[in-house]
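Have a look at protein_9.cif below; it lists mmCIF, C-alpha atoms.
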data_run
#
loop_
_atom_site.label_atom_id
_atom_site.label_comp_id
_atom_site.auth_asym_id
_atom_site.auth_seq_id
_atom_site.Cartn_x
_atom_site.Cartn_y
_atom_site.Cartn_z
CA MET A 77 97.92 128.76 111.99
CA TYR A 78 98.73 127.63 108.41
CA ASP A 79 97.90 131.10 107.10
CA GLU A 80 101.14 132.26 108.72
CA LEU A 81 103.31 129.83 106.73
CA LYS A 82 105.11 131.40 103.79
CA PHE A 83 106.38 129.33 100.87
CA ASP A 84 108.26 131.18 98.15
CA ASN A 85 107.55 130.10 94.56
CA CYS A 86 104.69 127.83 95.61
CA ASN A 87 101.36 128.16 93.83
CA HIS A 88 99.93 124.91 95.12
CA SER A 89 98.91 123.64 98.52
CA LYS A 90 100.38 125.46 101.47
CA ASP A 91 98.45 123.38 103.96
CA PRO A 92 100.63 120.48 105.18
CA MET A 93 97.51 118.51 106.08
CA VAL A 94 96.23 118.34 102.48
CA GLY A 95 97.45 115.41 100.39
CA CYS A 96 99.05 115.57 96.96
CA ALA A 97 97.43 115.32 93.52
CA LEU A 98 98.11 111.58 93.44
CA GLU A 99 95.94 111.08 96.50
CA GLY A 100 93.04 113.01 94.94
CA ALA A 101 93.25 111.32 91.54
CA THR A 102 93.46 107.79 92.93
CA GLY A 103 90.64 108.58 95.35
CA VAL A 104 88.43 109.12 92.29
CA LEU A 105 89.68 105.99 90.50
CA ALA A 106 89.57 103.59 93.45
CA GLY A 107 85.78 103.54 93.47
CA ILE A 108 85.44 102.41 89.85
CA LYS A 109 84.60 98.80 89.10
CA ASP A 110 86.61 96.65 86.67
CA ILE A 111 89.64 98.92 86.40
CA SER A 112 93.21 98.54 87.52
CA ILE A 113 95.86 101.10 88.33
CA VAL A 114 99.49 100.95 87.22
CA ILE A 115 101.39 103.55 89.17
CA HIS A 116 104.75 104.71 87.81
CA SER A 117 106.47 105.67 91.04
CA PRO A 118 108.75 104.71 93.88
CA GLN A 119 107.25 102.15 96.23
CA GLY A 120 106.12 104.70 98.83
CA CYS A 121 103.63 106.36 96.50
CA SER A 122 101.73 103.09 96.14
CA SER A 123 100.69 103.42 99.79
CA THR A 124 98.77 106.53 98.73
CA VAL A 125 96.83 104.38 96.27
CA SER A 126 96.13 101.83 99.01
CA ALA A 127 94.81 104.62 101.22
CA ALA A 128 92.40 105.62 98.45
CA TYR A 129 91.00 102.09 98.38
CA ASP A 130 90.74 102.16 102.18
CA VAL A 131 88.52 105.26 101.97
CA HIS A 132 86.17 103.32 99.70
CA GLU A 133 86.37 100.32 102.05
CA ILE A 134 87.32 98.02 99.20
CA ASP A 135 88.53 94.58 100.24
CA PHE A 136 92.28 94.14 99.84
CA THR A 137 91.77 91.09 97.61
CA LYS A 138 89.80 93.17 95.08
CA ARG A 139 92.43 95.86 94.63
CA LYS A 140 94.20 95.65 91.30
CA VAL A 141 97.21 97.89 91.67
CA ALA A 142 100.72 97.50 90.30
CA CYS A 143 103.72 99.75 90.96
CA THR A 144 106.92 100.09 88.94
CA ARG A 145 108.89 100.66 92.18
CA LEU A 146 111.28 103.22 90.70
CA PHE A 147 114.78 103.28 92.14
CA GLU A 148 117.54 105.86 91.90
CA THR A 149 118.94 104.35 88.70
CA ASP A 150 115.46 104.53 87.11
CA VAL A 151 115.21 108.23 87.91
CA VAL A 152 118.64 108.85 86.39
CA MET A 153 118.31 106.58 83.34
CA GLY A 154 114.54 106.57 82.75
CA ALA A 155 112.20 103.65 83.14
CA SER A 156 109.93 103.45 80.10
CA SER A 157 110.69 99.78 79.50
CA LYS A 158 109.95 98.98 83.15
CA LEU A 159 106.56 100.70 82.80
CA LYS A 160 105.80 98.96 79.49
CA ASN A 161 106.56 95.54 80.99
CA LEU A 162 104.38 96.23 84.02
CA ILE A 163 101.45 97.36 81.88
CA GLU A 164 101.70 94.13 79.86
CA GLU A 165 101.83 92.05 83.05
CA ALA A 166 98.91 93.93 84.64
CA ASP A 167 96.83 93.42 81.50
CA SER A 168 97.45 89.66 81.45
CA LYS A 169 96.94 89.14 85.19
CA PHE A 170 94.21 91.62 86.17
CA LYS A 171 92.05 91.26 83.04
CA THR A 172 90.20 94.54 83.66
CA LYS A 173 88.40 96.66 81.08
CA ALA A 174 90.65 99.67 81.67
CA ILE A 175 94.07 100.36 83.13
CA PHE A 176 94.81 103.81 84.46
CA VAL A 177 98.52 104.42 84.01
CA VAL A 178 99.28 107.00 86.67
CA GLY A 179 102.42 109.10 86.68
CA THR A 180 103.79 110.64 89.86
CA CYS A 181 106.39 113.26 90.81
CA ALA A 182 109.18 110.84 89.91
CA ALA A 183 107.73 110.29 86.43
CA ASP A 184 107.47 114.07 86.02
CA ILE A 185 111.11 114.50 87.06
CA ILE A 186 112.27 111.83 84.60
CA GLY A 187 110.12 113.35 81.87
CA GLU A 188 108.44 110.04 81.04
CA ASP A 189 106.06 110.26 78.06
CA ILE A 190 103.31 108.15 79.57
CA GLU A 191 100.71 109.28 77.03
CA GLY A 192 102.99 108.35 74.14
CA LEU A 193 103.89 105.00 75.66
CA CYS A 194 100.21 104.14 76.21
CA ARG A 195 99.35 105.18 72.65
CA ASN A 196 102.18 103.04 71.22
CA ILE A 197 101.43 99.84 73.13
CA GLN A 198 97.60 100.10 73.12
CA PRO A 199 97.28 97.74 70.09
CA GLN A 200 98.96 94.93 72.10
CA ILE A 201 96.91 95.52 75.28
CA ASN A 202 93.36 94.21 75.79
CA ALA A 203 92.36 96.80 78.40
CA LYS A 204 91.82 100.44 77.45
CA LEU A 205 94.91 102.36 78.61
CA ILE A 206 94.18 105.71 80.21
CA PRO A 207 97.26 107.81 81.02
CA LEU A 208 97.00 110.19 83.95
CA MET A 209 99.78 112.44 85.21
CA ALA A 210 99.01 113.12 88.86
CA GLY A 211 102.31 113.90 90.53
CA GLY A 212 102.27 116.06 93.62
CA PHE A 213 104.01 118.85 91.71
CA ARG A 214 100.75 119.24 89.80
CA GLY A 215 98.89 120.36 92.88
CA ASN A 216 97.14 119.22 96.00
CA LEU A 217 94.47 116.62 96.71
CA TYR A 218 91.72 118.83 95.29
CA ASP A 219 93.65 119.41 92.07
CA GLY A 220 94.12 115.63 91.89
CA ILE A 221 90.38 115.05 92.16
CA GLU A 222 89.96 117.35 89.18
CA LEU A 223 92.70 115.51 87.26
CA GLY A 224 90.99 112.17 87.98
CA LEU A 225 87.56 113.42 86.91
CA ASN A 226 88.97 114.99 83.74
CA ALA A 227 90.51 111.61 82.82
CA LEU A 228 87.04 110.07 83.10
CA PHE A 229 85.03 112.65 81.13
CA PRO A 230 85.84 111.27 77.65
CA PHE A 231 84.24 107.96 78.69
CA ILE A 232 80.97 109.36 80.02
CA LYS A 233 78.26 109.07 77.41
CA LYS A 234 75.62 111.74 77.24
CA GLN A 235 72.12 110.35 77.50
CA LYS A 236 69.55 111.36 74.93
CA GLU A 237 67.14 113.93 76.21
CA LYS A 238 63.60 112.72 76.73
CA ASN A 239 60.68 114.58 75.21
CA SER A 240 58.72 116.33 77.91
CA ARG A 241 55.35 115.63 76.19
#
Would it be possible to restate this file's structure as structure tokens?
Amino acid sequence: MYDELKFDNCNHSKDPMVGCALEGATGVLAGIKDISIVIHSPQGCSSTVSAAYDVHEIDFTKRKVACTRLFETDVVMGASSKLKNLIEEADSKFKTKAIFVVGTCAADIIGEDIEGLCRNIQPQINAKLIPLMAGGFRGNLYDGIELGLNALFPFIKKQKEKNSR
């Protein structure tokens, strides 16, 4: 049935039953211990993050998620200071080892430099800041899984090979 649907200028998901990149990326992150997620988005996108935690059956009280709750004026004027303040608050309250700062479609539209912001404020933040742009414009759920895994690769240490003698 979905093979019959035609979407001009669309190179991403054409299946309306497949979630966006945000859903895939946060699905990867939600299962990691001692991290928190700061999502730079309107309020509705944070429900996608909650759904990712639901898949992992993680107790609501153990979820460490904060959302900038972007409004129309934020999309027009930008919201870097709002994101900076929320990262600082999440660091002081959640006290996790890492904070994934996740950008969404709205952050893409605004043109927020999340990587630059994280780099600039990292010296004042105790947790390791890991920027991740995972807006739905970047692809579908499967593309988001890849984005999430690629954000983790720099932190995976290769084990020394054992001698086979």
Quiz item: Between A:Arg195, A:Lys236, A:Lys158, A:His132, which has the minimum distance to Ile108 of chain A (counting all atoms listed in the file)?
Solution: A:His132
Quiz item: How many Å separate atom CA of Pro118 of chain A from atom CA of Met153 of chain A?
Solution: 14.4 Å
Self-check item: Spatial neighbours of Ser117 of chain A, 9 Å, all atoms listed in the file, chain gap at least 4 places, as a ChimeraX atom specification
Solution: /A:121-122,143-147,178-183
Quiz item: Given the file above and the PyMOL selection byres ((chain A and resi 223) around 10), which residues are selected, and can you give them as a ChimeraX atom specification?
Solution: /A:97-98,100-102,104,208-210,214-215,217-222,224-228
Exercise. Can you work out the spacing between atom CA of Asp189 of chain A and atom CA of Ala166 of chain A in Å, to one decimal?
Key: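 Separation between atom CA of Asp189 of chain A and atom CA of Ala166 of chain A: 19.0 Å.
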Exercise. Might you pull out every residue within 12 Å of Glu164 of chain A, with all atoms listed in the file counted and same-chain residues fewer than 6 positions away left off, and present them as a ChimeraX atom specification?
Key: /A:114,142,157-158,170-171,175,177,193-194,197-205
Dump of segment 139-181 of chain A from preceding block, N, CA and C atoms, as a compact mmCIF listing (two decimals), in the first residue's frame:
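Wrote it out as result_19.txt, contents follow:
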# COMPACT_ATOMS: atom_id res chain seq x y z
N ARG A 139 14.28 8.66 34.69
CA ARG A 139 14.49 9.35 33.42
C ARG A 139 15.01 10.76 33.68
N LYS A 140 16.09 11.08 33.06
CA LYS A 140 16.69 12.41 33.25
C LYS A 140 16.67 13.13 31.92
N VAL A 141 15.53 13.76 31.66
CA VAL A 141 15.29 14.44 30.39
C VAL A 141 14.82 15.87 30.67
N ALA A 142 15.39 16.80 29.92
CA ALA A 142 14.96 18.19 30.01
C ALA A 142 14.68 18.69 28.59
N CYS A 143 13.71 19.57 28.46
CA CYS A 143 13.31 20.08 27.14
C CYS A 143 13.25 21.61 27.19
N THR A 144 13.79 22.25 26.16
CA THR A 144 13.78 23.71 26.11
C THR A 144 12.38 24.28 25.85
N ARG A 145 11.46 23.46 25.38
CA ARG A 145 10.08 23.89 25.10
C ARG A 145 10.08 25.14 24.22
N LEU A 146 10.59 25.00 23.02
CA LEU A 146 10.65 26.13 22.09
C LEU A 146 9.25 26.60 21.71
N PHE A 147 9.10 27.91 21.66
CA PHE A 147 7.85 28.54 21.24
C PHE A 147 8.09 29.29 19.94
N GLU A 148 7.04 29.86 19.38
CA GLU A 148 7.15 30.56 18.11
C GLU A 148 8.23 31.65 18.14
N THR A 149 8.26 32.42 19.21
CA THR A 149 9.26 33.50 19.29
C THR A 149 10.68 32.94 19.31
N ASP A 150 10.88 31.75 19.90
CA ASP A 150 12.20 31.12 19.91
C ASP A 150 12.62 30.73 18.50
N VAL A 151 11.67 30.23 17.71
CA VAL A 151 11.98 29.82 16.35
C VAL A 151 12.32 31.04 15.50
N VAL A 152 11.66 32.16 15.75
CA VAL A 152 11.93 33.37 14.99
C VAL A 152 13.24 34.03 15.45
N MET A 153 13.43 34.13 16.75
CA MET A 153 14.57 34.89 17.30
C MET A 153 15.78 34.04 17.66
N GLY A 154 15.63 32.72 17.70
CA GLY A 154 16.72 31.85 18.15
C GLY A 154 16.60 31.62 19.64
N ALA A 155 17.24 30.56 20.10
CA ALA A 155 17.07 30.21 21.51
C ALA A 155 18.34 29.63 22.13
N SER A 156 19.48 30.11 21.69
CA SER A 156 20.75 29.60 22.23
C SER A 156 20.87 29.82 23.73
N SER A 157 20.46 30.98 24.22
CA SER A 157 20.58 31.26 25.65
C SER A 157 19.64 30.35 26.45
N LYS A 158 18.49 30.06 25.91
CA LYS A 158 17.55 29.15 26.56
C LYS A 158 18.17 27.75 26.69
N LEU A 159 18.83 27.31 25.62
CA LEU A 159 19.49 26.00 25.64
C LEU A 159 20.66 26.00 26.62
N LYS A 160 21.46 27.05 26.61
CA LYS A 160 22.61 27.15 27.53
C LYS A 160 22.13 27.07 28.98
N ASN A 161 21.11 27.82 29.32
CA ASN A 161 20.58 27.81 30.69
C ASN A 161 20.07 26.44 31.09
N LEU A 162 19.41 25.75 30.17
CA LEU A 162 18.87 24.43 30.48
C LEU A 162 19.99 23.40 30.65
N ILE A 163 21.03 23.50 29.87
CA ILE A 163 22.17 22.59 30.04
C ILE A 163 22.79 22.80 31.42
N GLU A 164 22.98 24.05 31.82
CA GLU A 164 23.54 24.34 33.15
C GLU A 164 22.65 23.78 34.26
N GLU A 165 21.35 23.95 34.11
CA GLU A 165 20.41 23.45 35.13
C GLU A 165 20.41 21.91 35.17
N ALA A 166 20.42 21.28 33.98
CA ALA A 166 20.44 19.82 33.92
C ALA A 166 21.72 19.27 34.56
N ASP A 167 22.83 19.93 34.33
CA ASP A 167 24.10 19.49 34.91
C ASP A 167 24.05 19.56 36.44
N SER A 168 23.52 20.64 36.97
CA SER A 168 23.48 20.80 38.43
C SER A 168 22.45 19.89 39.10
N LYS A 169 21.36 19.59 38.42
CA LYS A 169 20.30 18.79 39.03
C LYS A 169 20.44 17.29 38.77
N PHE A 170 20.79 16.91 37.55
CA PHE A 170 20.85 15.48 37.21
C PHE A 170 22.14 14.82 37.67
N LYS A 171 23.25 15.56 37.63
CA LYS A 171 24.56 15.06 38.06
C LYS A 171 24.93 13.73 37.37
N THR A 172 24.77 13.70 36.06
CA THR A 172 25.14 12.52 35.27
C THR A 172 26.54 12.70 34.70
N LYS A 173 27.10 11.61 34.19
CA LYS A 173 28.45 11.67 33.62
C LYS A 173 28.46 12.33 32.25
N ALA A 174 27.35 12.20 31.53
CA ALA A 174 27.26 12.79 30.19
C ALA A 174 25.87 13.35 29.96
N ILE A 175 25.82 14.41 29.17
CA ILE A 175 24.55 15.00 28.74
C ILE A 175 24.55 15.01 27.22
N PHE A 176 23.59 14.31 26.65
CA PHE A 176 23.40 14.38 25.21
C PHE A 176 22.51 15.57 24.93
N VAL A 177 23.01 16.51 24.16
CA VAL A 177 22.27 17.71 23.79
C VAL A 177 21.72 17.46 22.39
N VAL A 178 20.44 17.17 22.32
CA VAL A 178 19.83 16.69 21.09
C VAL A 178 19.04 17.79 20.40
N GLY A 179 19.41 18.06 19.16
CA GLY A 179 18.68 19.02 18.34
C GLY A 179 17.61 18.33 17.52
N THR A 180 16.55 19.04 17.25
CA THR A 180 15.41 18.50 16.51
C THR A 180 15.17 19.33 15.25
N CYS A 181 14.06 19.07 14.59
CA CYS A 181 13.71 19.84 13.38
C CYS A 181 13.71 21.34 13.67
